[in-house]
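Chemist: This is final07.txt (compact mmCIF, C-alpha atoms and all ligand atoms).
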```
# COMPACT_ATOMS: atom_id res chain seq x y z
CA MET F 1 -35.53 28.92 34.49
CA SER F 2 -38.02 29.83 37.24
CA ASP F 3 -37.18 30.07 40.92
CA ASN F 4 -39.57 27.33 41.59
CA HIS F 5 -37.57 25.07 39.35
CA HIS F 6 -34.38 25.75 41.25
CA HIS F 7 -36.08 24.78 44.48
CA MET F 8 -37.08 21.51 42.98
CA GLU F 9 -33.54 20.80 41.91
CA HIS F 10 -32.31 21.00 45.49
CA PRO F 11 -34.16 18.57 47.75
CA GLU F 12 -32.28 20.08 50.69
CA ASN F 13 -34.60 23.10 50.31
CA ASP F 14 -37.52 20.94 51.31
CA GLU F 15 -39.23 21.80 54.63
CA ALA F 16 -37.67 18.70 56.16
CA TYR F 17 -34.15 20.18 56.02
CA LYS F 18 -34.53 22.88 58.63
CA GLY F 19 -32.00 25.65 58.81
CA LEU F 20 -30.31 24.74 55.57
CA THR F 21 -30.72 26.65 52.36
CA VAL F 22 -28.89 25.87 49.19
CA ASN F 23 -28.70 28.76 46.80
CA ALA F 24 -29.42 28.36 43.16
CA GLY F 25 -25.92 29.38 42.07
CA ILE F 26 -25.15 31.14 38.86
CA GLU F 27 -26.93 30.03 35.79
CA GLN F 28 -24.50 28.80 33.14
CA PRO F 29 -24.85 29.97 29.57
CA ALA F 30 -25.77 27.20 27.16
CA SER F 31 -22.50 27.67 25.35
CA VAL F 32 -19.51 29.91 25.93
CA ASN F 33 -19.15 30.43 22.23
CA PRO F 34 -22.63 30.66 20.71
CA TYR F 35 -21.17 30.20 17.25
CA LEU F 36 -19.57 26.91 18.10
CA VAL F 37 -21.80 24.07 17.06
CA ARG F 38 -20.86 20.93 18.87
CA ARG F 39 -21.61 18.01 16.68
CA LYS F 40 -20.38 14.49 17.04
CA LYS F 41 -18.41 13.57 13.95
CA ARG F 42 -20.66 11.31 11.96
CA GLU F 43 -19.16 7.98 10.99
CA LEU F 44 -19.15 7.46 7.25
CA THR F 45 -21.24 4.56 6.00
CA VAL F 46 -20.26 2.19 3.21
CA PRO F 47 -22.35 4.12 0.63
CA ASP F 48 -20.75 7.39 1.84
CA TYR F 49 -17.31 5.97 1.19
CA VAL F 50 -18.20 4.52 -2.18
CA GLU F 51 -19.95 7.68 -3.36
CA GLY F 52 -17.07 9.87 -2.17
CA ILE F 53 -14.46 7.67 -3.80
CA VAL F 54 -16.28 7.41 -7.12
CA LYS F 55 -16.66 11.21 -7.12
CA GLY F 56 -12.88 11.42 -6.73
CA ASP F 57 -12.96 12.93 -3.24
CA VAL F 58 -9.37 12.48 -2.07
CA THR F 59 -10.17 13.06 1.60
CA ILE F 60 -12.67 10.22 1.59
CA LEU F 61 -10.29 8.08 -0.44
CA SER F 62 -7.62 8.64 2.24
CA GLN F 63 -10.04 7.70 4.99
CA ALA F 64 -11.01 4.55 3.14
CA VAL F 65 -7.35 3.60 2.72
CA THR F 66 -6.92 4.09 6.47
CA LEU F 67 -9.71 1.58 7.00
CA VAL F 68 -8.04 -0.86 4.61
CA GLU F 69 -4.86 -0.54 6.64
CA SER F 70 -6.57 -0.85 10.00
CA LEU F 71 -6.20 -4.06 11.96
CA LYS F 72 -9.54 -3.63 13.73
CA PRO F 73 -12.06 -6.24 12.55
CA GLU F 74 -14.90 -3.67 12.41
CA HIS F 75 -12.80 -1.44 10.16
CA GLN F 76 -11.82 -4.40 8.01
CA ALA F 77 -15.47 -5.34 7.58
CA ILE F 78 -16.37 -1.88 6.24
CA ALA F 79 -13.21 -1.77 4.13
CA GLN F 80 -14.02 -5.09 2.46
CA GLU F 81 -17.51 -3.90 1.56
CA VAL F 82 -16.20 -0.63 0.19
CA ILE F 83 -13.61 -2.47 -1.91
CA GLU F 84 -16.23 -4.83 -3.28
CA LYS F 85 -18.48 -1.93 -4.28
CA CYS F 86 -15.54 -0.10 -5.86
CA LEU F 87 -14.41 -3.10 -7.85
CA PRO F 88 -16.70 -2.41 -10.86
CA TYR F 89 -15.13 1.08 -11.13
CA SER F 90 -11.55 -0.20 -10.98
CA GLY F 91 -9.16 -1.75 -13.47
CA GLU F 92 -8.99 1.09 -15.98
CA SER F 93 -5.41 2.02 -15.37
CA ILE F 94 -1.83 1.25 -16.00
CA ARG F 95 0.02 -0.11 -12.98
CA ILE F 96 3.78 0.31 -12.83
CA GLY F 97 6.06 -1.25 -10.24
CA ILE F 98 9.22 0.72 -9.51
CA SER F 99 12.03 -0.89 -7.58
CA GLY F 100 15.59 -0.04 -6.66
CA VAL F 101 17.96 -0.19 -3.73
CA PRO F 102 17.99 2.72 -1.25
CA GLY F 103 19.88 5.56 -2.87
CA ALA F 104 19.17 4.37 -6.41
CA GLY F 105 17.14 7.52 -6.88
CA LYS F 106 13.57 6.25 -6.62
CA SER F 107 12.13 9.38 -5.02
CA THR F 108 13.95 11.70 -7.39
CA SER F 109 12.93 9.57 -10.35
CA ILE F 110 9.29 9.13 -9.34
CA ASP F 111 9.05 12.89 -8.93
CA ALA F 112 10.36 13.33 -12.48
CA PHE F 113 8.41 10.36 -13.91
CA GLY F 114 5.17 11.50 -12.33
CA LEU F 115 5.42 15.04 -13.67
CA HIS F 116 6.35 13.78 -17.11
CA VAL F 117 3.50 11.30 -17.26
CA LEU F 118 0.89 13.78 -16.01
CA ASP F 119 2.15 16.47 -18.41
CA THR F 120 2.24 14.14 -21.39
CA TYR F 121 -0.74 11.88 -20.88
CA GLY F 122 -2.98 13.81 -18.46
CA GLY F 123 -5.11 11.85 -16.01
CA LYS F 124 -4.34 11.26 -12.36
CA LEU F 125 -1.48 9.44 -10.66
CA ALA F 126 -1.44 7.52 -7.39
CA VAL F 127 1.92 6.58 -5.87
CA LEU F 128 1.78 3.73 -3.37
CA ALA F 129 4.57 1.85 -1.69
CA ILE F 130 5.46 -1.51 -0.22
CA ASP F 131 8.19 -1.11 2.30
CA PRO F 132 9.30 -4.26 4.09
CA SER F 133 11.63 -2.27 6.34
CA SER F 134 8.74 -0.66 8.17
CA GLU F 135 7.62 -4.05 9.41
CA ARG F 136 10.83 -4.90 11.21
CA SER F 137 12.23 -1.60 12.35
CA LYS F 138 9.14 0.63 12.43
CA GLY F 139 11.40 2.99 10.52
CA SER F 140 10.36 3.24 6.92
CA ILE F 141 12.60 3.83 3.96
CA LEU F 142 9.71 4.88 1.76
CA GLY F 143 7.50 6.44 4.37
CA ASP F 144 7.93 10.11 3.78
CA LYS F 145 5.82 11.50 1.02
CA THR F 146 7.72 14.77 0.94
CA ARG F 147 10.49 12.81 -0.71
CA MET F 148 8.65 13.62 -3.91
CA GLU F 149 8.69 17.35 -3.65
CA LYS F 150 6.94 18.42 -6.80
CA LEU F 151 4.59 15.51 -7.12
CA SER F 152 3.40 15.76 -3.52
CA VAL F 153 1.93 19.20 -4.22
CA HIS F 154 0.62 18.35 -7.68
CA PRO F 155 -3.20 18.56 -7.80
CA LYS F 156 -3.49 15.37 -9.85
CA SER F 157 -1.39 13.17 -7.60
CA PHE F 158 -2.13 11.08 -4.56
CA ILE F 159 0.85 9.79 -2.58
CA ARG F 160 0.40 7.24 0.14
CA PRO F 161 3.23 5.72 2.18
CA SER F 162 3.49 1.98 2.73
CA PRO F 163 1.10 0.29 5.12
CA SER F 164 3.28 -0.63 8.05
CA ALA F 165 1.53 -3.30 10.06
CA GLY F 166 1.78 -7.00 9.48
CA SER F 167 3.63 -9.46 7.33
CA LEU F 168 4.85 -8.67 3.84
CA GLY F 169 1.87 -10.63 2.55
CA GLY F 170 -0.52 -8.53 4.60
CA VAL F 171 1.13 -5.27 3.58
CA ALA F 172 1.04 -6.30 -0.06
CA ARG F 173 -2.64 -7.24 0.12
CA LYS F 174 -3.47 -3.84 1.58
CA THR F 175 -1.58 -2.11 -1.20
CA ARG F 176 -3.41 -4.15 -3.77
CA GLU F 177 -6.74 -3.23 -2.20
CA THR F 178 -5.67 0.41 -2.14
CA ILE F 179 -5.00 0.19 -5.89
CA ILE F 180 -8.65 -0.77 -6.40
CA LEU F 181 -9.86 2.21 -4.35
CA CYS F 182 -7.52 4.61 -6.17
CA GLU F 183 -8.69 3.36 -9.56
CA ALA F 184 -12.33 3.75 -8.54
CA ALA F 185 -11.44 7.34 -7.58
CA GLY F 186 -10.28 7.93 -11.15
CA PHE F 187 -6.55 7.43 -10.74
CA ASP F 188 -5.63 5.92 -14.09
CA LYS F 189 -1.91 5.67 -13.42
CA ILE F 190 -0.64 3.76 -10.43
CA PHE F 191 2.97 3.57 -9.33
CA VAL F 192 3.89 1.00 -6.71
CA GLU F 193 7.31 1.68 -5.30
CA THR F 194 9.43 -0.78 -3.39
CA VAL F 195 12.91 -1.10 -1.98
CA GLY F 196 15.02 -3.58 -3.84
CA VAL F 197 15.94 -5.85 -1.00
CA GLY F 198 14.35 -9.16 -1.88
CA GLN F 199 10.85 -10.54 -1.53
CA SER F 200 9.00 -7.26 -1.80
CA GLU F 201 9.75 -7.18 -5.54
CA THR F 202 7.83 -10.39 -6.03
CA ALA F 203 4.89 -8.85 -4.20
CA VAL F 204 4.99 -5.72 -6.33
CA HIS F 205 5.49 -7.70 -9.53
CA SER F 206 2.30 -9.60 -8.72
CA MET F 207 0.18 -6.45 -8.82
CA VAL F 208 1.56 -4.41 -11.72
CA ASP F 209 1.47 -4.46 -15.51
CA PHE F 210 5.05 -3.29 -15.92
CA PHE F 211 7.94 -3.80 -13.56
CA LEU F 212 10.66 -1.16 -13.81
CA LEU F 213 13.98 -1.83 -12.15
CA ILE F 214 16.17 1.17 -11.31
CA GLN F 215 19.87 0.36 -11.21
CA LEU F 216 23.09 2.28 -10.74
CA ALA F 217 26.41 1.95 -12.45
CA GLY F 218 28.67 0.42 -9.87
CA THR F 219 32.22 -0.70 -9.84
CA GLY F 220 32.07 -2.76 -12.98
CA ASP F 221 30.38 -5.69 -11.33
CA GLU F 222 26.85 -4.40 -11.75
CA LEU F 223 25.37 -7.82 -12.02
CA GLN F 224 27.00 -9.19 -8.90
CA GLY F 225 24.60 -7.89 -6.30
CA ILE F 226 21.41 -8.29 -8.22
CA LYS F 227 19.49 -11.49 -8.00
CA ARG F 228 18.73 -13.30 -11.18
CA GLY F 229 15.08 -13.70 -10.22
CA ILE F 230 14.63 -9.98 -9.87
CA MET F 231 16.20 -9.27 -13.23
CA GLU F 232 13.94 -11.84 -14.78
CA MET F 233 10.91 -10.02 -13.43
CA ALA F 234 11.90 -6.72 -15.00
CA ASP F 235 10.08 -5.47 -18.09
CA GLY F 236 12.54 -2.60 -18.22
CA ILE F 237 15.86 -1.88 -16.54
CA VAL F 238 16.89 1.75 -16.25
CA ILE F 239 20.30 2.94 -15.14
CA ASN F 240 19.94 6.17 -13.18
CA LYS F 241 22.44 8.99 -12.62
CA ALA F 242 23.67 8.87 -16.20
CA ASP F 243 25.00 12.39 -15.86
CA GLY F 244 28.35 14.19 -15.43
CA ASP F 245 31.30 11.95 -14.69
CA ASN F 246 29.00 9.00 -14.32
CA LEU F 247 27.68 8.99 -17.87
CA GLU F 248 30.19 6.58 -19.40
CA ARG F 249 29.95 4.15 -16.52
CA ALA F 250 26.17 4.18 -16.79
CA LYS F 251 26.40 3.34 -20.48
CA LEU F 252 28.79 0.52 -19.74
CA ALA F 253 26.44 -0.83 -17.09
CA ALA F 254 23.59 -0.71 -19.61
CA THR F 255 25.61 -2.81 -22.04
CA GLN F 256 26.33 -5.35 -19.34
CA PHE F 257 22.67 -5.61 -18.41
CA LYS F 258 21.68 -6.01 -22.04
CA ASN F 259 24.16 -8.82 -22.47
CA ALA F 260 22.97 -10.52 -19.32
CA LEU F 261 19.33 -10.31 -20.40
CA HIS F 262 20.15 -12.16 -23.62
CA LEU F 263 21.00 -15.20 -21.55
CA PHE F 264 17.53 -15.37 -20.01
CA PRO F 265 14.68 -17.25 -21.61
CA ALA F 266 12.22 -15.04 -23.53
CA PRO F 267 9.52 -13.73 -21.18
CA ASP F 268 5.88 -14.89 -21.52
CA SER F 269 4.82 -11.42 -22.59
CA GLY F 270 6.74 -11.74 -25.84
CA TRP F 271 8.24 -8.37 -24.97
CA ASN F 272 12.00 -8.00 -24.87
CA PRO F 273 12.93 -6.14 -21.71
CA GLN F 274 14.82 -2.96 -22.58
CA VAL F 275 17.72 -1.30 -20.88
CA LEU F 276 17.98 2.49 -20.87
CA THR F 277 20.12 5.08 -19.14
CA TYR F 278 18.75 8.31 -17.69
CA SER F 279 19.14 10.98 -15.08
CA GLY F 280 16.18 11.51 -12.81
CA PHE F 281 17.84 14.51 -11.20
CA TYR F 282 18.61 16.36 -14.45
CA ASN F 283 15.55 14.98 -16.23
CA ILE F 284 17.52 13.42 -19.08
CA GLY F 285 16.09 10.35 -20.79
CA VAL F 286 12.87 10.35 -18.79
CA LYS F 287 10.73 10.70 -21.90
CA GLU F 288 12.38 7.65 -23.49
CA ILE F 289 11.55 5.55 -20.44
CA TRP F 290 7.87 6.42 -20.67
CA ASP F 291 7.81 5.97 -24.41
CA MET F 292 9.05 2.47 -23.67
CA VAL F 293 6.43 1.83 -20.97
CA TYR F 294 3.61 3.03 -23.21
CA SER F 295 4.80 1.00 -26.17
CA TYR F 296 4.91 -2.03 -23.90
CA MET F 297 1.29 -1.35 -22.92
CA ASP F 298 0.27 -1.19 -26.59
CA PHE F 299 2.17 -4.35 -27.31
CA VAL F 300 0.70 -6.45 -24.51
CA LYS F 301 -2.82 -5.10 -24.96
CA LYS F 302 -2.67 -6.20 -28.60
CA ASN F 303 -1.23 -9.64 -27.97
CA GLY F 304 -3.57 -10.39 -25.04
CA TYR F 305 -0.86 -10.63 -22.41
CA PHE F 306 -2.12 -7.57 -20.53
CA ASP F 307 -5.44 -9.26 -19.68
CA TYR F 308 -3.79 -12.61 -19.17
CA ARG F 309 -1.39 -11.17 -16.61
CA ARG F 310 -4.15 -9.37 -14.74
CA ASN F 311 -6.23 -12.53 -14.60
CA GLU F 312 -3.27 -14.52 -13.34
CA GLN F 313 -2.72 -11.85 -10.70
CA SER F 314 -6.35 -11.98 -9.59
CA LYS F 315 -6.04 -15.72 -9.19
CA TYR F 316 -2.78 -15.35 -7.29
CA TRP F 317 -4.36 -12.78 -4.97
CA MET F 318 -7.31 -14.98 -4.24
CA TYR F 319 -4.95 -17.64 -2.90
CA GLU F 320 -2.70 -15.12 -1.19
CA SER F 321 -5.68 -13.62 0.53
CA ILE F 322 -6.87 -17.02 1.73
CA ASN F 323 -3.41 -17.94 2.99
CA GLU F 324 -2.93 -14.65 4.72
CA GLN F 325 -6.27 -14.70 6.47
CA LEU F 326 -5.96 -18.33 7.52
CA GLN F 327 -2.58 -17.56 9.04
CA GLN F 328 -3.92 -14.54 10.81
CA SER F 329 -6.86 -16.47 12.19
CA PHE F 330 -4.50 -19.20 13.42
CA TYR F 331 -1.87 -17.03 15.05
CA GLN F 332 -4.41 -14.67 16.61
CA ASN F 333 -6.38 -17.52 18.15
CA PRO F 334 -6.04 -17.12 21.97
CA LYS F 335 -5.44 -20.86 22.50
CA ILE F 336 -2.64 -20.80 19.94
CA GLU F 337 -1.17 -17.64 21.36
CA ALA F 338 -1.05 -19.33 24.76
CA LEU F 339 0.51 -22.53 23.48
CA LEU F 340 2.89 -21.43 20.75
CA ALA F 341 5.92 -20.46 22.86
CA GLN F 342 5.66 -23.67 24.86
CA LYS F 343 5.58 -25.86 21.75
CA GLU F 344 8.44 -23.95 20.24
CA ALA F 345 10.52 -24.49 23.38
CA GLN F 346 9.74 -28.20 23.29
CA VAL F 347 10.94 -28.40 19.70
CA LEU F 348 14.13 -26.56 20.61
CA ASN F 349 14.71 -28.86 23.61
CA GLY F 350 14.36 -31.88 21.43
CA ASN F 351 11.30 -33.02 23.41
CA LEU F 352 9.02 -32.81 20.41
CA THR F 353 9.55 -33.08 16.68
CA SER F 354 8.51 -30.10 14.58
CA PHE F 355 5.83 -32.18 12.91
CA ILE F 356 4.22 -33.32 16.13
CA ALA F 357 4.37 -29.81 17.54
CA ALA F 358 2.69 -28.49 14.40
CA LYS F 359 0.05 -31.21 14.58
CA ASN F 360 -0.66 -30.47 18.25
CA LEU F 361 -1.09 -26.80 17.48
CA LEU F 362 -3.27 -27.38 14.45
CA ASP F 363 -5.43 -29.89 16.35
CA THR F 364 -5.87 -27.35 19.12
CA TYR F 365 -6.87 -24.73 16.57
CA PHE F 366 -9.34 -26.91 14.69
CA ASP F 367 -10.90 -28.21 17.93
CA ASP F 368 -11.33 -24.63 19.06
CA LEU F 369 -13.03 -23.72 15.77
CA LYS F 370 -15.60 -26.48 16.25
CA LYS F 371 -16.73 -24.98 19.56
P1 LIG Y 401 15.92 6.56 -3.12
O1 LIG Y 401 16.50 6.19 -1.80
O2 LIG Y 401 16.01 5.44 -4.08
O3 LIG Y 401 14.55 7.15 -3.03
O4 LIG Y 401 16.89 7.69 -3.74
P2 LIG Y 401 16.78 9.28 -3.75
O5 LIG Y 401 15.86 9.73 -4.81
O6 LIG Y 401 16.55 9.78 -2.38
O7 LIG Y 401 18.24 9.67 -4.25
C1 LIG Y 401 19.40 9.35 -3.52
C2 LIG Y 401 20.48 10.35 -3.82
O8 LIG Y 401 20.86 10.27 -5.19
C3 LIG Y 401 20.06 11.80 -3.58
O9 LIG Y 401 21.12 12.47 -3.01
C4 LIG Y 401 19.73 12.30 -4.96
O10 LIG Y 401 19.92 13.69 -5.07
C5 LIG Y 401 20.74 11.55 -5.81
N1 LIG Y 401 20.22 11.36 -7.18
C6 LIG Y 401 18.99 10.90 -7.51
N2 LIG Y 401 18.86 10.86 -8.85
C7 LIG Y 401 20.01 11.33 -9.37
C8 LIG Y 401 20.50 11.54 -10.71
O11 LIG Y 401 19.79 11.33 -11.70
N3 LIG Y 401 21.76 12.00 -10.84
C9 LIG Y 401 22.55 12.26 -9.78
N4 LIG Y 401 23.77 12.70 -10.00
N5 LIG Y 401 22.13 12.09 -8.51
C10 LIG Y 401 20.88 11.63 -8.29
```
Would you write the structure of this file as structure tokens?
Modeler:
Amino acid sequence: MSDNHHHMEHPENDEAYKGLTVNAGIEQPASVNPYLVRRKKRELTVPDYVEGIVKGDVTILSQAVTLVESLKPEHQAIAQEVIEKCLPYSGESIRIGISGVPGAGKSTSIDAFGLHVLDTYGGKLAVLAIDPSSERSKGSILGDKTRMEKLSVHPKSFIRPSPSAGSLGGVARKTRETIILCEAAGFDKIFVETVGVGQSETAVHSMVDFFLLIQLAGTGDELQGIKRGIMEMADGIVINKADGDNLERAKLAATQFKNALHLFPAPDSGWNPQVLTYSGFYNIGVKEIWDMVYSYMDFVKKNGYFDYRRNEQSKYWMYESINEQLQQSFYQNPKIEALLAQKEAQVLNGNLTSFIAAKNLLDTYFDDLKK
């Protein structure tokens, strides 16, 4: 820079400012570290995401999943486009739901299952989760991916904890969308894990080809705690921790489950749900479980049930998606947000019936939409 230039930068140096001189100061280097290139991180475009995913780039896949999980409308818009473009590349997989109460041994088992399946059948495995606990308590039972020690460092695996924000329906939709992205990225085996505490099983069941229920031998009343509906969903029931002192009790539990299953009507698949015992920790009986899963896949692909179930699921998800987004639009409407507590209080006071309160709120919402 010339001296002349410095003078121009300081108007005080003009003749008009008598007796005042401002010095030029020390010239700053352009960059302290000449090797550091400052570049604004470029936002990925929809084609960037799709190309990266289809190439199997796990970093880009992760970023796309983050968009799917984001609540920001601008992220959702990109995510929906990416999902749509990935859809033609998806579907070529087997999807397995894995459920069990906390402590049943899901992490231990999925670690063993995952290694077995990758060793035996090759391909790539994505492990996703639906964890209803994270919604209520922020704490997540299934959140920590290091729970699967070996699988989490396996080059062919992708482990993603449960999306945490929103209703169970919203969380489930995001997991389903993530399945599509994972499949487009070449993951041909998908595990969806959930905690066996109620409704989340239904959500998982609605997005998988095979629903595996992990059980433990208990005190002789194995069937007491487990809901009939959940047992009816199972394509396979596996009794874990069939090792050491527990072996005989596990076998007994298996017999009880088998007997109980006989009382249920035959499932639509034509497949008779099987009951097996195993030990995830000692890796005993794991092969037999996956032989069962793969023979189920053969069976239902031949008899047409595999495609039927996937079609039914697509239909179900269309309606779920509509319901979920209508609800979200309603409850996030500012007029509704402002009015909801008041109407609720009026219902509780007995000043308004539930039906009139609901009608008032819906009228407010629909009027607001027309504007
Ligand atoms: P999760 O809560 O369902 O994910 O269960 P974990 O995989 O964390 O297992 C809960 C506990 O059971 C841990 O202490 C495991 O070491 C233990 N465990 C898991 N699988 C087995 C098994 O096959 N045999 C035995 N004896 N213990 C197991």
Chemist: Counting only C-alpha atoms and all ligand atoms, what residues are within 12 Å of ligand LIG 401 (chain Y), given as a short mmCIF file (atom, residue, chain, number, x, y, z; two decimals) with C-alpha atoms, in the frame of the given file?
Modeler:
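Result went into part07.cif, see below:
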```cif
data_model
loop_
_atom_site.label_atom_id
_atom_site.label_comp_id
_atom_site.auth_asym_id
_atom_site.auth_seq_id
_atom_site.Cartn_x
_atom_site.Cartn_y
_atom_site.Cartn_z
CA ILE F 98 9.22 0.72 -9.51
CA SER F 99 12.03 -0.89 -7.58
CA GLY F 100 15.59 -0.04 -6.66
CA VAL F 101 17.96 -0.19 -3.73
CA PRO F 102 17.99 2.72 -1.25
CA GLY F 103 19.88 5.56 -2.87
CA ALA F 104 19.17 4.37 -6.41
CA GLY F 105 17.14 7.52 -6.88
CA LYS F 106 13.57 6.25 -6.62
CA SER F 107 12.13 9.38 -5.02
CA THR F 108 13.95 11.70 -7.39
CA SER F 109 12.93 9.57 -10.35
CA ILE F 110 9.29 9.13 -9.34
CA ASP F 111 9.05 12.89 -8.93
CA ALA F 112 10.36 13.33 -12.48
CA PHE F 113 8.41 10.36 -13.91
CA ALA F 129 4.57 1.85 -1.69
CA ASP F 131 8.19 -1.11 2.30
CA SER F 140 10.36 3.24 6.92
CA ILE F 141 12.60 3.83 3.96
CA LEU F 142 9.71 4.88 1.76
CA GLY F 143 7.50 6.44 4.37
CA ASP F 144 7.93 10.11 3.78
CA LYS F 145 5.82 11.50 1.02
CA THR F 146 7.72 14.77 0.94
CA ARG F 147 10.49 12.81 -0.71
CA MET F 148 8.65 13.62 -3.91
CA GLU F 149 8.69 17.35 -3.65
CA GLU F 193 7.31 1.68 -5.30
CA THR F 194 9.43 -0.78 -3.39
CA VAL F 195 12.91 -1.10 -1.98
CA GLY F 196 15.02 -3.58 -3.84
CA VAL F 197 15.94 -5.85 -1.00
CA LEU F 213 13.98 -1.83 -12.15
CA ILE F 214 16.17 1.17 -11.31
CA GLN F 215 19.87 0.36 -11.21
CA LEU F 216 23.09 2.28 -10.74
CA ALA F 217 26.41 1.95 -12.45
CA VAL F 238 16.89 1.75 -16.25
CA ILE F 239 20.30 2.94 -15.14
CA ASN F 240 19.94 6.17 -13.18
CA LYS F 241 22.44 8.99 -12.62
CA ALA F 242 23.67 8.87 -16.20
CA ASP F 243 25.00 12.39 -15.86
CA GLY F 244 28.35 14.19 -15.43
CA ASP F 245 31.30 11.95 -14.69
CA ASN F 246 29.00 9.00 -14.32
CA LEU F 247 27.68 8.99 -17.87
CA ALA F 250 26.17 4.18 -16.79
CA THR F 277 20.12 5.08 -19.14
CA TYR F 278 18.75 8.31 -17.69
CA SER F 279 19.14 10.98 -15.08
CA GLY F 280 16.18 11.51 -12.81
CA PHE F 281 17.84 14.51 -11.20
CA TYR F 282 18.61 16.36 -14.45
CA ASN F 283 15.55 14.98 -16.23
CA ILE F 284 17.52 13.42 -19.08
CA GLY F 285 16.09 10.35 -20.79
CA VAL F 286 12.87 10.35 -18.79
#
```
Chemist: Interatomic distance between CA of Phe306 (chain F) and CA of Asp209 (chain F)?
Modeler: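 Value for the CA of Phe306 (chain F)-CA of Asp209 (chain F) distance: 6.9 Å.
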Chemist: Determine, counting all atoms listed in the file, which protein, DNA and RNA residues have an atom within 8 Å of an atom of Leu61 (chain F); residues of the same chain fewer than 6 positions away are not included. Present the result as a list of chain:residue names.
Modeler: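 These residues fall inside the cut-off: F:Tyr49, F:Gly52, F:Ile53, F:Leu181, F:Cys182, F:Ala185.
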Chemist: If I take CA of Val153 (chain F) and CA of Cys86 (chain F), how far is one from the other in Å, to one decimal?
Modeler: 26.1 Å
Chemist: Could you state the separation of CA of Glu337 (chain F) and CA of Asp368 (chain F) in Å, given to one decimal place?
Modeler: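 Going from CA of Glu337 (chain F) over to CA of Asp368 (chain F) covers 12.5 Å.
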Chemist: Excluding same-chain residues fewer than 2 positions from region 163-176 of chain F, what lies within 9 Å of it counting all atoms listed in the file, as an mmCIF file with C-alpha atoms, keeping the file's coordinate frame?
Modeler:
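Saved to selection.cif:
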```
data_model
loop_
_atom_site.group_PDB
_atom_site.id
_atom_site.type_symbol
_atom_site.label_atom_id
_atom_site.label_comp_id
_atom_site.auth_asym_id
_atom_site.auth_seq_id
_atom_site.Cartn_x
_atom_site.Cartn_y
_atom_site.Cartn_z
ATOM 1 C CA VAL F 65 -7.350 3.600 2.720
ATOM 2 C CA THR F 66 -6.920 4.090 6.470
ATOM 3 C CA VAL F 68 -8.040 -0.860 4.610
ATOM 4 C CA GLU F 69 -4.860 -0.540 6.640
ATOM 5 C CA SER F 70 -6.570 -0.850 10.000
ATOM 6 C CA LEU F 71 -6.200 -4.060 11.960
ATOM 7 C CA LEU F 128 1.780 3.730 -3.370
ATOM 8 C CA ALA F 129 4.570 1.850 -1.690
ATOM 9 C CA ILE F 130 5.460 -1.510 -0.220
ATOM 10 C CA ASP F 131 8.190 -1.110 2.300
ATOM 11 C CA PRO F 132 9.300 -4.260 4.090
ATOM 12 C CA SER F 133 11.630 -2.270 6.340
ATOM 13 C CA SER F 134 8.740 -0.660 8.170
ATOM 14 C CA GLU F 135 7.620 -4.050 9.410
ATOM 15 C CA LYS F 138 9.140 0.630 12.430
ATOM 16 C CA SER F 140 10.360 3.240 6.920
ATOM 17 C CA GLY F 143 7.500 6.440 4.370
ATOM 18 C CA ARG F 160 0.400 7.240 0.140
ATOM 19 C CA PRO F 161 3.230 5.720 2.180
ATOM 20 C CA THR F 178 -5.670 0.410 -2.140
ATOM 21 C CA ILE F 179 -5.000 0.190 -5.890
ATOM 22 C CA ILE F 180 -8.650 -0.770 -6.400
ATOM 23 C CA VAL F 192 3.890 1.000 -6.710
ATOM 24 C CA GLN F 199 10.850 -10.540 -1.530
ATOM 25 C CA SER F 200 9.000 -7.260 -1.800
ATOM 26 C CA ALA F 203 4.890 -8.850 -4.200
ATOM 27 C CA VAL F 204 4.990 -5.720 -6.330
ATOM 28 C CA MET F 207 0.180 -6.450 -8.820
ATOM 29 C CA TRP F 317 -4.360 -12.780 -4.970
ATOM 30 C CA GLU F 320 -2.700 -15.120 -1.190
ATOM 31 C CA SER F 321 -5.680 -13.620 0.530
ATOM 32 C CA GLU F 324 -2.930 -14.650 4.720
ATOM 33 C CA GLN F 325 -6.270 -14.700 6.470
#
```
Chemist: Which residue, F:Tyr296, F:Phe366, F:Phe264, F:Tyr308, has the smallest gap to Leu326 (chain F) when you use all atoms listed in the file?
Modeler: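 Counting all atoms listed in the file, the residue closest to Leu326 (chain F) is F:Phe366.
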Chemist: From the set F:Glu177, F:Asp367, F:Glu201, F:Asp291, which residue has the shortest atom-to-atom contact distance to Asn333 (chain F), counting only C-alpha atoms?
Modeler: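 The closest residue to Asn333 (chain F) is F:Asp367.
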